[in-house]
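Here is the file model_38.cif (mmCIF, C-alpha atoms and all ligand atoms).
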data_work
#
loop_
_atom_site.label_atom_id
_atom_site.label_comp_id
_atom_site.auth_asym_id
_atom_site.auth_seq_id
_atom_site.Cartn_x
_atom_site.Cartn_y
_atom_site.Cartn_z
CA MET F 259 4.28 -76.02 29.70
CA THR F 260 2.14 -79.14 29.52
CA SER F 261 3.45 -81.94 27.33
CA LEU F 262 0.47 -81.50 24.96
CA ARG F 263 1.33 -77.82 24.42
CA ALA F 264 4.95 -78.72 23.90
CA ILE F 265 4.01 -81.30 21.25
CA ARG F 266 1.79 -78.74 19.50
CA LEU F 267 4.55 -76.15 19.56
CA TRP F 268 7.15 -78.55 18.12
CA THR F 269 4.70 -79.73 15.46
CA CYS F 270 4.07 -76.13 14.40
CA LEU F 271 7.78 -75.35 14.32
CA PHE F 272 8.44 -78.50 12.28
CA VAL F 273 5.74 -77.67 9.71
CA ALA F 274 6.88 -74.04 9.50
CA ALA F 275 10.47 -75.17 8.93
CA LEU F 276 9.34 -77.55 6.19
CA LEU F 277 7.33 -74.84 4.43
CA ALA F 278 10.14 -72.30 4.65
CA GLY F 279 12.80 -74.78 3.59
CA CYS F 280 10.99 -76.35 0.67
CA GLY F 281 9.36 -73.23 -0.79
CA GLY F 282 7.85 -75.28 -3.64
CA PRO F 283 9.70 -76.41 -6.75
CA ALA F 284 11.83 -73.76 -8.50
CA SER F 285 10.14 -72.21 -11.55
CA LEU F 286 11.43 -72.92 -15.05
CA TYR F 287 12.52 -69.27 -15.24
CA ASP F 288 14.73 -69.70 -12.16
CA ARG F 289 16.09 -73.09 -13.23
CA VAL F 290 17.01 -71.80 -16.67
CA GLY F 291 19.07 -69.01 -15.08
CA GLY F 292 16.67 -66.10 -14.56
CA PHE F 293 17.19 -62.66 -16.03
CA GLU F 294 20.89 -63.25 -16.69
CA THR F 295 19.98 -66.02 -19.14
CA MET F 296 17.28 -63.87 -20.77
CA VAL F 297 19.67 -60.97 -21.39
CA HIS F 298 22.32 -63.36 -22.65
CA LEU F 299 19.77 -64.80 -25.07
CA GLY F 300 18.74 -61.34 -26.30
CA ASP F 301 22.38 -60.39 -26.95
CA SER F 302 23.38 -63.74 -28.46
CA LEU F 303 20.47 -63.77 -30.88
CA ILE F 304 21.39 -60.41 -32.34
CA VAL F 305 24.98 -61.56 -32.89
CA ASP F 306 24.04 -65.06 -34.10
CA ILE F 307 21.38 -63.82 -36.53
CA GLY F 308 23.90 -61.31 -37.88
CA ARG F 309 26.27 -64.20 -38.61
CA ASP F 310 23.67 -66.52 -40.08
CA PRO F 311 23.83 -66.42 -43.89
CA VAL F 312 20.08 -67.11 -44.26
CA LEU F 313 18.42 -65.35 -41.34
CA ARG F 314 20.45 -62.13 -41.53
CA GLU F 315 18.88 -61.33 -44.91
CA ARG F 316 15.56 -60.92 -43.09
CA PHE F 317 17.03 -58.13 -40.98
CA ARG F 318 18.85 -56.30 -43.78
CA GLY F 319 18.26 -52.58 -43.58
CA PHE F 320 17.75 -52.56 -39.81
CA SER F 321 19.08 -49.41 -38.18
CA TRP F 322 20.90 -49.40 -34.85
CA ARG F 323 17.66 -48.31 -33.24
CA ASP F 324 15.77 -51.19 -34.91
CA ILE F 325 18.37 -53.63 -33.56
CA GLN F 326 18.07 -52.25 -30.02
CA ARG F 327 14.30 -52.50 -30.20
CA GLN F 328 14.52 -56.05 -31.50
CA ARG F 329 16.91 -56.99 -28.71
CA SER F 330 14.62 -55.56 -26.00
CA ALA F 331 11.55 -57.19 -27.51
CA ASN F 332 13.37 -60.53 -27.65
CA VAL F 333 14.44 -60.30 -24.00
CA ALA F 334 10.91 -59.44 -22.82
CA PHE F 335 9.39 -62.15 -25.01
CA VAL F 336 11.69 -65.00 -23.94
CA CYS F 337 11.47 -63.92 -20.31
CA ALA F 338 7.65 -64.07 -20.46
CA ILE F 339 7.79 -67.47 -22.21
CA ALA F 340 10.00 -68.83 -19.43
CA GLY F 341 7.38 -67.71 -16.90
CA GLY F 342 9.52 -64.85 -15.60
CA PRO F 343 8.34 -61.50 -14.24
CA CYS F 344 8.62 -59.63 -17.58
CA ARG F 345 5.73 -58.56 -19.75
CA TYR F 346 5.97 -58.61 -23.53
CA ASP F 347 3.54 -55.98 -24.73
CA GLY F 348 4.37 -55.98 -28.43
CA PRO F 349 2.13 -57.36 -31.16
CA ASP F 350 1.47 -61.09 -31.16
CA MET F 351 3.70 -63.40 -33.17
CA ALA F 352 1.25 -63.90 -36.05
CA GLU F 353 0.89 -60.16 -36.49
CA VAL F 354 4.65 -59.44 -36.26
CA HIS F 355 5.58 -62.04 -38.87
CA ARG F 356 2.55 -61.65 -41.15
CA GLY F 357 3.44 -61.19 -44.81
CA MET F 358 7.07 -62.28 -44.32
CA ASP F 359 6.43 -65.63 -45.94
CA ILE F 360 8.58 -67.38 -43.34
CA THR F 361 9.37 -71.04 -44.06
CA ASP F 362 9.68 -74.07 -41.80
CA ALA F 363 13.41 -74.20 -42.56
CA GLU F 364 13.85 -70.61 -41.35
CA PHE F 365 11.82 -71.30 -38.24
CA ASP F 366 13.97 -74.38 -37.49
CA ARG F 367 17.08 -72.32 -37.99
CA MET F 368 15.85 -69.63 -35.60
CA ILE F 369 14.93 -72.27 -33.00
CA ALA F 370 18.41 -73.80 -33.37
CA LEU F 371 19.94 -70.39 -32.55
CA PHE F 372 17.60 -69.95 -29.55
CA ALA F 373 18.48 -73.47 -28.33
CA ALA F 374 22.25 -73.06 -28.71
CA ALA F 375 22.16 -69.71 -26.88
CA ALA F 376 19.94 -71.11 -24.10
CA ARG F 377 22.25 -74.11 -23.59
CA ARG F 378 25.30 -71.84 -23.44
CA ALA F 379 23.70 -69.51 -20.92
CA SER F 380 21.71 -71.83 -18.68
CA PRO F 381 23.28 -73.56 -15.69
CA ASP F 382 20.79 -76.43 -16.19
CA PRO F 383 20.70 -78.18 -19.60
CA VAL F 384 17.44 -79.98 -18.82
CA ALA F 385 15.76 -76.64 -18.01
CA ALA F 386 17.21 -75.16 -21.22
CA ASP F 387 15.58 -77.91 -23.31
CA GLU F 388 12.26 -77.53 -21.45
CA PHE F 389 12.43 -73.80 -22.11
CA ILE F 390 13.09 -74.25 -25.84
CA ALA F 391 10.22 -76.74 -26.12
CA ARG F 392 7.90 -73.85 -25.21
CA PHE F 393 8.74 -72.19 -28.55
CA ALA F 394 7.50 -75.09 -30.68
CA PRO F 395 3.81 -74.08 -30.68
CA LEU F 396 4.78 -70.69 -32.18
CA ARG F 397 5.49 -72.39 -35.50
CA ALA F 398 1.81 -72.26 -36.45
CA ALA F 399 1.69 -68.48 -35.93
CA ILE F 400 5.04 -67.65 -37.55
CA VAL F 401 5.43 -70.00 -40.51
CA ALA F 402 3.43 -68.98 -43.55
CA ARG F 403 4.53 -71.67 -45.96
CA PRO F 404 5.05 -75.05 -44.35
CA GLY F 405 7.94 -76.81 -46.11
CA GLY F 406 8.62 -73.83 -48.40
CA GLN F 407 12.02 -72.50 -49.50
CA THR F 408 13.47 -69.18 -48.41
CA THR F 409 12.70 -66.07 -50.42
CA ALA F 410 13.58 -63.50 -47.82
CA ARG F 411 11.50 -60.34 -47.70
CA THR F 412 13.59 -57.53 -46.24
CA ARG F 413 13.15 -53.82 -45.61
CA ASP F 414 15.21 -52.93 -48.71
C1 LIG M 1 10.51 -69.00 -32.29
C2 LIG M 1 10.75 -68.20 -33.29
C3 LIG M 1 10.63 -66.70 -33.24
C4 LIG M 1 10.36 -65.85 -32.20
C5 LIG M 1 10.12 -66.22 -30.73
C6 LIG M 1 10.36 -64.51 -32.72
C7 LIG M 1 10.16 -63.38 -31.97
C8 LIG M 1 10.14 -62.11 -32.46
C9 LIG M 1 9.92 -60.92 -31.67
C10 LIG M 1 9.67 -60.90 -30.15
C11 LIG M 1 9.97 -59.85 -32.48
C12 LIG M 1 9.83 -58.37 -32.11
C13 LIG M 1 8.40 -57.93 -32.15
C14 LIG M 1 8.25 -56.52 -31.60
O1 LIG M 1 8.73 -55.58 -32.26
O2 LIG M 1 7.68 -56.37 -30.53
C15 LIG M 1 10.22 -60.36 -33.82
C16 LIG M 1 10.37 -59.58 -34.94
C17 LIG M 1 10.86 -60.05 -36.13
N1 LIG M 1 11.07 -61.35 -36.47
FE1 LIG M 1 10.77 -62.95 -35.30
N2 LIG M 1 10.62 -64.56 -34.05
C18 LIG M 1 10.79 -65.87 -34.42
C19 LIG M 1 11.07 -66.35 -35.66
C20 LIG M 1 11.41 -65.58 -36.73
C21 LIG M 1 11.88 -66.07 -38.00
C22 LIG M 1 12.05 -67.56 -38.35
C23 LIG M 1 12.14 -64.99 -38.78
C24 LIG M 1 12.66 -64.90 -40.19
C25 LIG M 1 13.20 -65.85 -40.85
C26 LIG M 1 11.81 -63.80 -38.00
C27 LIG M 1 11.94 -62.52 -38.44
C28 LIG M 1 11.58 -61.40 -37.73
C29 LIG M 1 11.72 -60.04 -38.24
C30 LIG M 1 12.26 -59.62 -39.62
C31 LIG M 1 11.25 -59.19 -37.24
C32 LIG M 1 11.19 -57.67 -37.26
C33 LIG M 1 9.85 -57.19 -37.72
C34 LIG M 1 9.89 -55.67 -37.87
O3 LIG M 1 10.19 -54.98 -36.88
O4 LIG M 1 9.64 -55.19 -38.96
N3 LIG M 1 11.37 -64.20 -36.77
N4 LIG M 1 10.33 -61.72 -33.77
#
How does this structure look as structure tokens?
Amino acid sequence: MTSLRAIRLWTCLFVAALLAGCGGPASLYDRVGGFETMVHLGDSLIVDIGRDPVLRERFRGFSWRDIQRQRSANVAFVCAIAGGPCRYDGPDMAEVHRGMDITDAEFDRMIALFAAAARRASPDPVAADEFIARFAPLRAAIVARPGGQTTARTRD
């Protein structure tokens, strides 16, 4: 092998090793803990909402089937928001929450539950905060009465 061919070969091997080793920066979905974190979030939210004296009123009258559906929709939704491989194919957030008269205070409370669950589940607290920041723009679609007080509309 001529020295020029040897140099070329080593250069190619070096570049290939770099590409394979680096593989680009990890996605937010991976950094936040992948599907394990998403499922943990889905489960935690159901339990945490059930314990929250304000938010649980919104879900009064939900059947077991309703709760399961809510859990699955939450997992798919948060997974898609994190940039994961899931697809949320339910109605958009404005449509889902239309007519519920949701207040800023309720939205903040829900975000606080999301954030606490994400921090508990994620191996990377910085990624957890980055992930939760992606929920902030949803306020405009979900909150009907900026600054308003809670008058929960339920299924009862
Ligand atoms: C970042 C904030 C929020 C997110 C990401 C979110 C997400 C979702 C998702 C994914 C669903 C299921 C939609 C489907 O069936 O496909 C849903 C339904 C629902 N959400 Fe939210 N939500 C948020 C805030 C809130 C707040 C603040 C309240 C009330 C205070 C609320 C009350 C409800 C209720 C009652 C349903 C069930 C609607 C029904 O099936 O009749 N959500 N939400």
What are the centre and the three edge lengths of an axis-aligned box that wraps all atoms of ligand LIG 1 (chain M) in the file, given that 8 Å is added to every side, written as AutoDock Vina command-line options and rounded to one decimal in Å?
--center_x 10.4 --center_y -62.0 --center_z -35.5 --size_x 21.5 --size_y 30.0 --size_z 26.7
Mind dumping a table of every chain F residue within 9 Å of ligand LIG 1 (chain M), with the nearest atom pair and its distance in Å to one decimal, using only C-alpha atoms and all ligand atoms, sorted by chain and rising number, as a tab-separated table?
residue	atom	partner	partner_atom	distance
F:Val312	CA	M:LIG1	C25	7.8
F:Leu313	CA	M:LIG1	C25	5.3
F:Arg314	CA	M:LIG1	C25	8.2
F:Glu315	CA	M:LIG1	C25	8.3
F:Arg316	CA	M:LIG1	C30	5.0
F:Phe317	CA	M:LIG1	C30	5.2
F:Arg318	CA	M:LIG1	C30	8.5
F:Phe320	CA	M:LIG1	O3	8.5
F:Asp324	CA	M:LIG1	O3	7.0
F:Ile325	CA	M:LIG1	O3	8.9
F:Arg327	CA	M:LIG1	O1	6.7
F:Gln328	CA	M:LIG1	C12	5.3
F:Arg329	CA	M:LIG1	C12	8.0
F:Ser330	CA	M:LIG1	C12	8.3
F:Ala331	CA	M:LIG1	C10	4.9
F:Asn332	CA	M:LIG1	C10	4.5
F:Val333	CA	M:LIG1	C10	7.8
F:Ala334	CA	M:LIG1	C10	7.6
F:Phe335	CA	M:LIG1	C10	5.3
F:Val336	CA	M:LIG1	C5	7.1
F:Ile339	CA	M:LIG1	C5	8.9
F:Tyr346	CA	M:LIG1	O2	7.5
F:Asp347	CA	M:LIG1	O2	7.1
F:Gly348	CA	M:LIG1	O2	3.9
F:Pro349	CA	M:LIG1	O2	5.7
F:Asp350	CA	M:LIG1	C13	7.7
F:Met351	CA	M:LIG1	C7	6.6
F:Glu353	CA	M:LIG1	C13	9.0
F:Val354	CA	M:LIG1	C13	5.8
F:His355	CA	M:LIG1	N1	6.0
F:Met358	CA	M:LIG1	C24	7.4
F:Asp359	CA	M:LIG1	C25	8.5
F:Ile360	CA	M:LIG1	C25	5.5
F:Thr361	CA	M:LIG1	C22	7.2
F:Asp362	CA	M:LIG1	C22	7.7
F:Ala363	CA	M:LIG1	C22	8.0
F:Glu364	CA	M:LIG1	C22	4.6
F:Phe365	CA	M:LIG1	C22	3.7
F:Asp366	CA	M:LIG1	C22	7.1
F:Arg367	CA	M:LIG1	C22	6.9
F:Met368	CA	M:LIG1	C22	5.1
F:Ile369	CA	M:LIG1	C1	5.5
F:Phe372	CA	M:LIG1	C1	7.7
F:Ile390	CA	M:LIG1	C1	8.7
F:Arg392	CA	M:LIG1	C1	9.0
F:Phe393	CA	M:LIG1	C1	5.2
F:Ala394	CA	M:LIG1	C1	7.0
F:Pro395	CA	M:LIG1	C1	8.6
F:Leu396	CA	M:LIG1	C1	6.0
F:Arg397	CA	M:LIG1	C1	6.9
F:Ile400	CA	M:LIG1	C19	6.5
F:Val401	CA	M:LIG1	C22	7.4
F:Thr408	CA	M:LIG1	C25	8.3
F:Ala410	CA	M:LIG1	C25	7.4
F:Arg411	CA	M:LIG1	C30	8.1
F:Thr412	CA	M:LIG1	C30	7.1
F:Arg413	CA	M:LIG1	O4	7.6
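Closest to F:Gly342 among F:Met296, F:Ala391, F:Arg356, F:Pro283 is F:Met296, based on only C-alpha atoms.
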Taking the point (19.0, -70.0, -29.1) as given in the file, collect each protein or nucleic acid residue that comes within 10 Å of it, counting only C-alpha atoms, and present the set as a ChimeraX atom specification. /F:298-300,302-303,306-307,367-379,386,390
Output C-alpha atoms for every residue in the selection just made, as a PDB file, keeping the file's coordinate frame.
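selection.pdb, freshly written:
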ATOM      1  CA  HIS F 298      22.320 -63.360 -22.650  1.00  0.00           C
ATOM      2  CA  LEU F 299      19.770 -64.800 -25.070  1.00  0.00           C
ATOM      3  CA  GLY F 300      18.740 -61.340 -26.300  1.00  0.00           C
ATOM      4  CA  SER F 302      23.380 -63.740 -28.460  1.00  0.00           C
ATOM      5  CA  LEU F 303      20.470 -63.770 -30.880  1.00  0.00           C
ATOM      6  CA  ASP F 306      24.040 -65.060 -34.100  1.00  0.00           C
ATOM      7  CA  ILE F 307      21.380 -63.820 -36.530  1.00  0.00           C
ATOM      8  CA  ARG F 367      17.080 -72.320 -37.990  1.00  0.00           C
ATOM      9  CA  MET F 368      15.850 -69.630 -35.600  1.00  0.00           C
ATOM     10  CA  ILE F 369      14.930 -72.270 -33.000  1.00  0.00           C
ATOM     11  CA  ALA F 370      18.410 -73.800 -33.370  1.00  0.00           C
ATOM     12  CA  LEU F 371      19.940 -70.390 -32.550  1.00  0.00           C
ATOM     13  CA  PHE F 372      17.600 -69.950 -29.550  1.00  0.00           C
ATOM     14  CA  ALA F 373      18.480 -73.470 -28.330  1.00  0.00           C
ATOM     15  CA  ALA F 374      22.250 -73.060 -28.710  1.00  0.00           C
ATOM     16  CA  ALA F 375      22.160 -69.710 -26.880  1.00  0.00           C
ATOM     17  CA  ALA F 376      19.940 -71.110 -24.100  1.00  0.00           C
ATOM     18  CA  ARG F 377      22.250 -74.110 -23.590  1.00  0.00           C
ATOM     19  CA  ARG F 378      25.300 -71.840 -23.440  1.00  0.00           C
ATOM     20  CA  ALA F 379      23.700 -69.510 -20.920  1.00  0.00           C
ATOM     21  CA  ALA F 386      17.210 -75.160 -21.220  1.00  0.00           C
ATOM     22  CA  ILE F 390      13.090 -74.250 -25.840  1.00  0.00           C
TER      23      ILE F 390
END
Hey, can you check how far atom CA of F:Gly357 sits from atom CA of F:Gly319?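 It comes out at 17.2 Å.
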Pick out the closest residue to F:Asp288 from this set: F:Ala402, F:Ala340, F:Ala352, F:Ile304. Count all atoms listed in the file.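 Residue with the minimum atom-to-atom distance to F:Asp288: F:Ala340.
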Contacts of F:Tyr287 at 9 Å or less, counting all atoms listed in the file, minus same-chain residues fewer than 5 places along, as a list in words?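 Using all atoms listed in the file, the neighbours found are Gly292, Phe293, Cys337, Ala338, Ile339, Ala340, Gly341, Gly342, Pro343, Ala385 and Phe389 of chain F.
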Work out how far apart atom CA of F:Glu294 and atom CA of F:Gly308 are and give it in Å to one decimal.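 Atom CA of F:Gly308 lies at a distance of 21.5 Å from atom CA of F:Glu294.
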Incomplete stretch 380-396 of chain F brought to N, CA and C atoms, written out as a compact mmCIF listing (two decimals), keeping the file's coordinate frame:
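Done, and the output landed in result29.txt:
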# COMPACT_ATOMS: atom_id res chain seq x y z
N SER F 380 22.41 -71.26 -19.83
CA SER F 380 21.71 -71.83 -18.68
C SER F 380 22.62 -72.75 -17.86
N PRO F 381 22.49 -72.66 -16.54
CA PRO F 381 23.28 -73.56 -15.69
C PRO F 381 22.70 -74.98 -15.70
N ASP F 382 21.48 -75.14 -16.26
CA ASP F 382 20.79 -76.43 -16.19
C ASP F 382 20.34 -76.83 -17.60
N PRO F 383 21.03 -77.81 -18.21
CA PRO F 383 20.70 -78.18 -19.60
C PRO F 383 19.30 -78.75 -19.77
N VAL F 384 18.79 -79.43 -18.73
CA VAL F 384 17.44 -79.98 -18.82
C VAL F 384 16.43 -78.82 -18.87
N ALA F 385 16.64 -77.82 -18.03
CA ALA F 385 15.76 -76.64 -18.01
C ALA F 385 15.85 -75.92 -19.35
N ALA F 386 17.05 -75.85 -19.92
CA ALA F 386 17.21 -75.16 -21.22
C ALA F 386 16.36 -75.85 -22.28
N ASP F 387 16.37 -77.18 -22.30
CA ASP F 387 15.58 -77.91 -23.31
C ASP F 387 14.07 -77.73 -23.06
N GLU F 388 13.69 -77.74 -21.79
CA GLU F 388 12.26 -77.53 -21.45
C GLU F 388 11.82 -76.15 -21.92
N PHE F 389 12.70 -75.20 -21.73
CA PHE F 389 12.43 -73.80 -22.11
C PHE F 389 12.25 -73.71 -23.64
N ILE F 390 13.16 -74.32 -24.38
CA ILE F 390 13.09 -74.25 -25.84
C ILE F 390 11.84 -74.97 -26.37
N ALA F 391 11.43 -76.02 -25.68
CA ALA F 391 10.22 -76.74 -26.12
C ALA F 391 9.00 -75.83 -26.11
N ARG F 392 9.04 -74.78 -25.27
CA ARG F 392 7.90 -73.85 -25.21
C ARG F 392 7.77 -72.99 -26.48
N PHE F 393 8.82 -72.98 -27.32
CA PHE F 393 8.74 -72.19 -28.55
C PHE F 393 8.04 -72.94 -29.68
N ALA F 394 8.02 -74.27 -29.57
CA ALA F 394 7.50 -75.09 -30.68
C ALA F 394 6.10 -74.68 -31.14
N PRO F 395 5.16 -74.43 -30.22
CA PRO F 395 3.81 -74.08 -30.68
C PRO F 395 3.74 -72.78 -31.48
N LEU F 396 4.80 -71.96 -31.44
CA LEU F 396 4.78 -70.69 -32.18
C LEU F 396 4.88 -70.90 -33.68
